[in-house]
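Presented below is the structure to which this report refers.
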Amino acid sequence: MDEYKKCPYCSEQILADAKKCRYCQSMLEEEPVSGAVSPPPPPPLPTPLKSESAVKEKKEPGQKKRWKLPVIIVSVVLALIIILAIIAVSAGRSVLRSSPVYTETLNFLYANPEAVAYLGEPLELGKGVNGTISTSGDTGEADLEIPVSGSLNKGTVSAQATLADGLWNYSLLDLLKDDGSRVNLLAGSAMDVPEGMQLFSDSGYGFSMFFPEGWSYQFYSDNGVIFFGPEGTVEYDVEVVVELYLTDQAGGVYSSIDDIVTDLQASVTSMSGVISTEDRGRDLFSGVQREYYTFSGSFQRDGSRWGSAVITIERDERLFYVLYYNAPEEIYPDYIDLVFDQILSSFEFTDDLNF
């Protein structure tokens, strides 16, 4: 039995598989039925899931661009702060090391047999000196800690002192050993320094020498030390000078003691000077026979006449030492005994030369 259906256009009964209505001639498959519902569009392709890290990677580039410049600025500022801090610390330590109380503290260490025996020679100074030094005129205070070491042990020199009338008075001066015990540097050194004198010793110059209490000294030209009396007194014009000169074997210009004496005498005569006495030979210096050359005379300075005595000593193949005594002619004879019998006679080479 044939199946029928209604034509959607004329409602007449037609065969179910008819493709064209035999009554109204309408095509049943090629033309859409009015009011028919269109099939739903295909669903969109699913979006792949992103991991949390992938989401962050999408958001962070904007944030990084916003913070890149400030981060660079902060980094530069921090770097400058660190550099300035390093410079400040270095400058502070340089000021401490250039102070007379620093050198005087080390003089006591070098002159103390117990401390030297514990550390072992040669002695070396550490770079981490700490503390404070404050002065105002002839008064001041110092609190120092200086790391030192030798061939046997290490230690720390502690010094506390006050400056009065140009002299440092120590309330504490000792060497702290690694085991916690201490060596009193004041007690050991007091026996070695004559009454009324103080000791100079510096590893940068390789010599030690006594000079009167109340006197001062200054380093100059990187190769010399000048000792002089208190300002405002006659002794302020009294000069005792020690200079170091390299030989040609150590990069200097002098090959013999005669070369350096020739230059020294030329310097004196250039100041309207006169050489009056000369002597040379070999003598005992620091327990060793060494060649020396000495001369004396006078020269013109600041409109007045000065007397001068010069001793040149050959330390070794590297160094010459030149010791001067200068003073105005009117007081020159008055200080000859002090200079030669107490100051220059105490001159000794040390083994801790560091140059």
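Numbering starts fresh at 1 for the residues of each chain in the structure tokens, the chains themselves are lettered A, B, ... in the order given, and ligands are numbered from 1 as they appear.
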
For this session: Write out as a list in words all residues of range 226-280 of chain A that backbone DSSP assigns to strand (DSSP E or B).
Result: Ile226, Phe227, Phe228, Glu239, Val240, Val241, Val242, Glu243, Leu244, Tyr245, Leu246, Thr247, Tyr254, Val274, Ile275, Ser276, Thr277, Glu278, Asp279 and Arg280 of chain A

Emit the selected residues as a PDB file, in the first residue's frame, including N, CA and C atoms.
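Saved as result-v1.pdb:
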```pdb
ATOM      1  N   ILE A 226     110.784  63.830  59.155  1.00  0.00           N
ATOM      2  CA  ILE A 226     111.439  64.969  59.787  1.00  0.00           C
ATOM      3  C   ILE A 226     110.953  65.083  61.227  1.00  0.00           C
ATOM      4  N   PHE A 227     111.882  65.198  62.161  1.00  0.00           N
ATOM      5  CA  PHE A 227     111.589  65.336  63.586  1.00  0.00           C
ATOM      6  C   PHE A 227     111.924  66.770  64.000  1.00  0.00           C
ATOM      7  N   PHE A 228     111.087  67.384  64.845  1.00  0.00           N
ATOM      8  CA  PHE A 228     111.308  68.779  65.232  1.00  0.00           C
ATOM      9  C   PHE A 228     110.666  69.043  66.590  1.00  0.00           C
ATOM     10  N   GLU A 239     115.957  70.559  63.347  1.00  0.00           N
ATOM     11  CA  GLU A 239     115.462  69.507  62.466  1.00  0.00           C
ATOM     12  C   GLU A 239     116.401  68.303  62.477  1.00  0.00           C
ATOM     13  N   VAL A 240     115.813  67.122  62.660  1.00  0.00           N
ATOM     14  CA  VAL A 240     116.526  65.872  62.448  1.00  0.00           C
ATOM     15  C   VAL A 240     115.759  65.123  61.360  1.00  0.00           C
ATOM     16  N   VAL A 241     116.416  64.829  60.265  1.00  0.00           N
ATOM     17  CA  VAL A 241     115.745  64.277  59.082  1.00  0.00           C
ATOM     18  C   VAL A 241     116.364  62.936  58.723  1.00  0.00           C
ATOM     19  N   VAL A 242     115.521  61.973  58.345  1.00  0.00           N
ATOM     20  CA  VAL A 242     115.983  60.684  57.825  1.00  0.00           C
ATOM     21  C   VAL A 242     115.313  60.473  56.471  1.00  0.00           C
ATOM     22  N   GLU A 243     116.135  60.269  55.431  1.00  0.00           N
ATOM     23  CA  GLU A 243     115.610  60.054  54.079  1.00  0.00           C
ATOM     24  C   GLU A 243     116.133  58.739  53.520  1.00  0.00           C
ATOM     25  N   LEU A 244     115.324  58.113  52.646  1.00  0.00           N
ATOM     26  CA  LEU A 244     115.700  56.873  51.982  1.00  0.00           C
ATOM     27  C   LEU A 244     115.872  57.133  50.491  1.00  0.00           C
ATOM     28  N   TYR A 245     116.947  56.577  49.912  1.00  0.00           N
ATOM     29  CA  TYR A 245     117.188  56.701  48.483  1.00  0.00           C
ATOM     30  C   TYR A 245     117.446  55.315  47.902  1.00  0.00           C
ATOM     31  N   LEU A 246     116.737  54.984  46.832  1.00  0.00           N
ATOM     32  CA  LEU A 246     116.922  53.699  46.170  1.00  0.00           C
ATOM     33  C   LEU A 246     118.214  53.698  45.351  1.00  0.00           C
ATOM     34  N   THR A 247     118.900  52.567  45.343  1.00  0.00           N
ATOM     35  CA  THR A 247     120.047  52.403  44.464  1.00  0.00           C
ATOM     36  C   THR A 247     119.559  52.056  43.065  1.00  0.00           C
ATOM     37  N   TYR A 254     121.135  56.092  41.898  1.00  0.00           N
ATOM     38  CA  TYR A 254     122.475  56.138  42.480  1.00  0.00           C
ATOM     39  C   TYR A 254     123.100  54.738  42.486  1.00  0.00           C
ATOM     40  N   VAL A 274     128.368  76.186  52.151  1.00  0.00           N
ATOM     41  CA  VAL A 274     129.795  75.937  52.240  1.00  0.00           C
ATOM     42  C   VAL A 274     130.002  74.596  52.919  1.00  0.00           C
ATOM     43  N   ILE A 275     130.829  73.733  52.337  1.00  0.00           N
ATOM     44  CA  ILE A 275     131.172  72.457  52.949  1.00  0.00           C
ATOM     45  C   ILE A 275     132.446  72.661  53.765  1.00  0.00           C
ATOM     46  N   SER A 276     132.380  72.389  55.090  1.00  0.00           N
ATOM     47  CA  SER A 276     133.515  72.686  55.962  1.00  0.00           C
ATOM     48  C   SER A 276     134.310  71.446  56.356  1.00  0.00           C
ATOM     49  N   THR A 277     133.665  70.324  56.583  1.00  0.00           N
ATOM     50  CA  THR A 277     134.379  69.096  56.972  1.00  0.00           C
ATOM     51  C   THR A 277     133.806  67.907  56.216  1.00  0.00           C
ATOM     52  N   GLU A 278     134.629  66.909  56.012  1.00  0.00           N
ATOM     53  CA  GLU A 278     134.203  65.680  55.346  1.00  0.00           C
ATOM     54  C   GLU A 278     134.928  64.498  55.970  1.00  0.00           C
ATOM     55  N   ASP A 279     134.258  63.343  55.984  1.00  0.00           N
ATOM     56  CA  ASP A 279     134.888  62.129  56.490  1.00  0.00           C
ATOM     57  C   ASP A 279     134.140  60.930  55.900  1.00  0.00           C
ATOM     58  N   ARG A 280     134.863  59.855  55.671  1.00  0.00           N
ATOM     59  CA  ARG A 280     134.232  58.644  55.167  1.00  0.00           C
ATOM     60  C   ARG A 280     134.962  57.431  55.711  1.00  0.00           C
TER      61      ARG A 280
END
```

Would you tabulate, counting only C-alpha atoms, all residues of range 93-166 of chain A that have an atom at most 9 Å from an atom of range 172-187 of chain A, showing the closest pair of atoms and their distance in Å to one decimal, sorted by chain then ascending number, as JSON lines?
```
{"residue": "A:Thr105", "atom": "CA", "partner": "A:Leu173", "partner_atom": "CA", "distance": 7.6}
{"residue": "A:Phe108", "atom": "CA", "partner": "A:Leu185", "partner_atom": "CA", "distance": 6.0}
{"residue": "A:Leu109", "atom": "CA", "partner": "A:Leu185", "partner_atom": "CA", "distance": 6.2}
{"residue": "A:Ala111", "atom": "CA", "partner": "A:Leu185", "partner_atom": "CA", "distance": 8.4}
{"residue": "A:Asn112", "atom": "CA", "partner": "A:Leu185", "partner_atom": "CA", "distance": 6.1}
{"residue": "A:Glu114", "atom": "CA", "partner": "A:Val183", "partner_atom": "CA", "distance": 7.3}
{"residue": "A:Ala115", "atom": "CA", "partner": "A:Val183", "partner_atom": "CA", "distance": 6.5}
{"residue": "A:Tyr118", "atom": "CA", "partner": "A:Lys177", "partner_atom": "CA", "distance": 8.5}
{"residue": "A:Leu119", "atom": "CA", "partner": "A:Lys177", "partner_atom": "CA", "distance": 8.8}
{"residue": "A:Asn153", "atom": "CA", "partner": "A:Asp178", "partner_atom": "CA", "distance": 7.8}
{"residue": "A:Lys154", "atom": "CA", "partner": "A:Asp178", "partner_atom": "CA", "distance": 6.6}
{"residue": "A:Gly155", "atom": "CA", "partner": "A:Lys177", "partner_atom": "CA", "distance": 4.8}
{"residue": "A:Thr156", "atom": "CA", "partner": "A:Leu176", "partner_atom": "CA", "distance": 5.1}
{"residue": "A:Val157", "atom": "CA", "partner": "A:Leu175", "partner_atom": "CA", "distance": 4.5}
{"residue": "A:Ser158", "atom": "CA", "partner": "A:Asp174", "partner_atom": "CA", "distance": 5.5}
{"residue": "A:Ala159", "atom": "CA", "partner": "A:Leu173", "partner_atom": "CA", "distance": 4.5}
{"residue": "A:Gln160", "atom": "CA", "partner": "A:Leu172", "partner_atom": "CA", "distance": 4.9}
{"residue": "A:Ala161", "atom": "CA", "partner": "A:Leu172", "partner_atom": "CA", "distance": 6.9}
```

Problem set entry | Which residue of A:Phe349, A:Tyr325, A:Trp306, A:Tyr335 approaches Thr294 in chain A most closely, using only C-alpha atoms |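 The closest residue to Thr294 in chain A is A:Tyr325.
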
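Between CA of Val261 in chain A and CA of Ser201 in chain A the interatomic distance comes to 25.5 Å.
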
For this session: For each of A:Phe340, A:Tyr293, A:Tyr170, A:Phe347, take the minimum atom-to-atom distance to Glu314 in chain A, counting only C-alpha atoms, then give the residue where this is smallest.
Result: A:Tyr293

For this session: Extract, using only C-alpha atoms, all DNA, RNA and protein residues at most 9 Å from Ser151 in chain A, discarding same-chain residues fewer than 6 positions from it, and format them as a list in words.
Result: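 Surrounding residues, per the criterion: Leu119, Gly120, Glu121, Pro122, Leu123 and Glu124 of chain A.
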
Selection near Asp341 in chain A, 12 Å with only C-alpha atoms, sequence-local residues under 4 positions removed, as an mmCIF file with N, CA and C atoms, in the first residue's frame:
```
data_model
loop_
_atom_site.group_PDB
_atom_site.id
_atom_site.type_symbol
_atom_site.label_atom_id
_atom_site.label_comp_id
_atom_site.auth_asym_id
_atom_site.auth_seq_id
_atom_site.Cartn_x
_atom_site.Cartn_y
_atom_site.Cartn_z
ATOM 1 N N MET A 209 114.361 54.868 66.043
ATOM 2 C CA MET A 209 115.202 55.929 66.596
ATOM 3 C C MET A 209 114.460 56.605 67.740
ATOM 4 N N PHE A 210 115.189 57.013 68.779
ATOM 5 C CA PHE A 210 114.595 57.777 69.867
ATOM 6 C C PHE A 210 114.550 59.254 69.488
ATOM 7 N N PHE A 211 113.532 59.951 69.989
ATOM 8 C CA PHE A 211 113.478 61.400 69.849
ATOM 9 C C PHE A 211 112.800 61.965 71.093
ATOM 10 N N TYR A 335 122.548 72.170 70.365
ATOM 11 C CA TYR A 335 121.803 70.904 70.263
ATOM 12 C C TYR A 335 122.626 69.778 69.644
ATOM 13 N N ILE A 336 123.917 70.014 69.454
ATOM 14 C CA ILE A 336 124.761 68.965 68.880
ATOM 15 C C ILE A 336 124.783 67.726 69.766
ATOM 16 N N ASP A 337 124.943 67.917 71.103
ATOM 17 C CA ASP A 337 124.999 66.769 72.009
ATOM 18 C C ASP A 337 123.677 65.999 72.016
ATOM 19 N N SER A 345 122.502 58.604 67.694
ATOM 20 C CA SER A 345 123.225 57.434 68.215
ATOM 21 C C SER A 345 122.302 56.245 68.446
ATOM 22 N N SER A 346 120.982 56.509 68.544
ATOM 23 C CA SER A 346 120.019 55.420 68.757
ATOM 24 C C SER A 346 119.478 54.860 67.449
ATOM 25 N N PHE A 347 119.919 55.421 66.328
ATOM 26 C CA PHE A 347 119.425 54.988 65.017
ATOM 27 C C PHE A 347 119.780 53.519 64.789
#
```

For this session: Output as a PyMOL selection string all residues of range 204-344 of chain A that backbone DSSP marks as helix (DSSP H, G or I).
Result: chain A and resi 234-237+248-250+257-269+332-344

Export of the given selection (N, CA and C atoms) as a compact mmCIF listing (two decimals), in the first residue's frame:
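result09.txt, freshly written:
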```txt
# COMPACT_ATOMS: atom_id res chain seq x y z
N VAL A 234 112.16 77.46 70.75
CA VAL A 234 113.38 77.52 69.94
C VAL A 234 113.61 76.20 69.22
N GLU A 235 113.23 75.08 69.86
CA GLU A 235 113.48 73.76 69.29
C GLU A 235 112.64 73.46 68.05
N TYR A 236 111.66 74.31 67.78
CA TYR A 236 110.85 74.12 66.59
C TYR A 236 111.70 74.25 65.32
N ASP A 237 112.80 75.01 65.41
CA ASP A 237 113.68 75.18 64.26
C ASP A 237 114.78 74.14 64.21
N ASP A 248 120.49 52.05 42.11
CA ASP A 248 120.10 51.70 40.75
C ASP A 248 119.65 50.25 40.64
N GLN A 249 120.05 49.41 41.58
CA GLN A 249 119.61 48.01 41.56
C GLN A 249 118.16 47.86 42.01
N ALA A 250 117.63 48.90 42.65
CA ALA A 250 116.24 48.86 43.12
C ALA A 250 115.38 49.88 42.39
N ILE A 257 127.77 55.30 47.00
CA ILE A 257 127.61 56.32 48.03
C ILE A 257 128.19 57.64 47.57
N ASP A 258 129.22 57.60 46.71
CA ASP A 258 129.82 58.83 46.20
C ASP A 258 128.83 59.60 45.33
N ASP A 259 128.01 58.89 44.55
CA ASP A 259 127.02 59.55 43.69
C ASP A 259 126.04 60.38 44.50
N ILE A 260 125.54 59.78 45.58
CA ILE A 260 124.53 60.48 46.36
C ILE A 260 125.14 61.63 47.14
N VAL A 261 126.36 61.47 47.66
CA VAL A 261 127.02 62.56 48.39
C VAL A 261 127.29 63.74 47.46
N THR A 262 127.67 63.45 46.21
CA THR A 262 127.90 64.52 45.23
C THR A 262 126.64 65.36 45.04
N ASP A 263 125.50 64.70 44.92
CA ASP A 263 124.23 65.42 44.77
C ASP A 263 123.87 66.21 46.03
N LEU A 264 124.10 65.64 47.19
CA LEU A 264 123.78 66.32 48.44
C LEU A 264 124.63 67.58 48.61
N GLN A 265 125.89 67.48 48.33
CA GLN A 265 126.76 68.65 48.45
C GLN A 265 126.39 69.72 47.43
N ALA A 266 126.01 69.30 46.24
CA ALA A 266 125.58 70.26 45.22
C ALA A 266 124.33 71.00 45.68
N SER A 267 123.43 70.29 46.39
CA SER A 267 122.23 70.92 46.91
C SER A 267 122.57 71.98 47.96
N VAL A 268 123.56 71.68 48.80
CA VAL A 268 123.98 72.64 49.82
C VAL A 268 124.60 73.88 49.18
N THR A 269 125.51 73.69 48.24
CA THR A 269 126.17 74.83 47.61
C THR A 269 125.20 75.67 46.77
N TYR A 332 122.70 76.21 66.64
CA TYR A 332 123.23 74.93 66.13
C TYR A 332 124.15 74.24 67.15
N PRO A 333 125.12 74.93 67.77
CA PRO A 333 126.00 74.24 68.73
C PRO A 333 125.28 73.75 69.98
N ASP A 334 124.16 74.40 70.34
CA ASP A 334 123.47 74.07 71.59
C ASP A 334 122.82 72.68 71.55
N TYR A 335 122.55 72.17 70.36
CA TYR A 335 121.80 70.90 70.26
C TYR A 335 122.63 69.78 69.64
N ILE A 336 123.92 70.01 69.45
CA ILE A 336 124.76 68.96 68.88
C ILE A 336 124.78 67.73 69.77
N ASP A 337 124.94 67.92 71.10
CA ASP A 337 125.00 66.77 72.01
C ASP A 337 123.68 66.00 72.02
N LEU A 338 122.55 66.71 72.06
CA LEU A 338 121.24 66.05 72.05
C LEU A 338 121.07 65.25 70.78
N VAL A 339 121.38 65.86 69.65
CA VAL A 339 121.15 65.20 68.36
C VAL A 339 122.05 63.99 68.17
N PHE A 340 123.34 64.15 68.44
CA PHE A 340 124.29 63.07 68.13
C PHE A 340 124.38 62.03 69.26
N ASP A 341 124.27 62.47 70.51
CA ASP A 341 124.44 61.53 71.62
C ASP A 341 123.17 60.77 71.99
N GLN A 342 122.00 61.35 71.71
CA GLN A 342 120.76 60.72 72.15
C GLN A 342 119.84 60.33 70.98
N ILE A 343 119.86 61.11 69.92
CA ILE A 343 118.93 60.82 68.82
C ILE A 343 119.62 59.97 67.75
N LEU A 344 120.62 60.53 67.07
CA LEU A 344 121.24 59.79 65.98
C LEU A 344 122.01 58.57 66.47
```

Exercise. Hey, can you check how far CA of Val225 in chain A sits from CA of Phe200 in chain A?
Worked result: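 That distance, rounded to one decimal, is 10.1 Å.
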
Tell me which protein, DNA and RNA residues are within 8 Å of range 6-12 of chain A, counting only C-alpha atoms, leaving out same-chain ones fewer than 5 positions away, and put them as an mmCIF file with C-alpha atoms, in the first residue's frame.
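Done, and the output landed in part-v7.cif:
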```
data_model
loop_
_atom_site.group_PDB
_atom_site.id
_atom_site.type_symbol
_atom_site.label_atom_id
_atom_site.label_comp_id
_atom_site.auth_asym_id
_atom_site.auth_seq_id
_atom_site.Cartn_x
_atom_site.Cartn_y
_atom_site.Cartn_z
ATOM 1 C CA CYS A 21 3.448 17.847 -6.276
ATOM 2 C CA TYR A 23 -1.415 19.187 -8.254
ATOM 3 C CA CYS A 24 0.513 22.450 -7.770
ATOM 4 C CA SER A 26 5.853 22.519 -6.522
ATOM 5 C CA LEU A 28 9.397 19.352 -2.612
ATOM 6 C CA VAL A 33 9.756 24.856 3.224
#
```
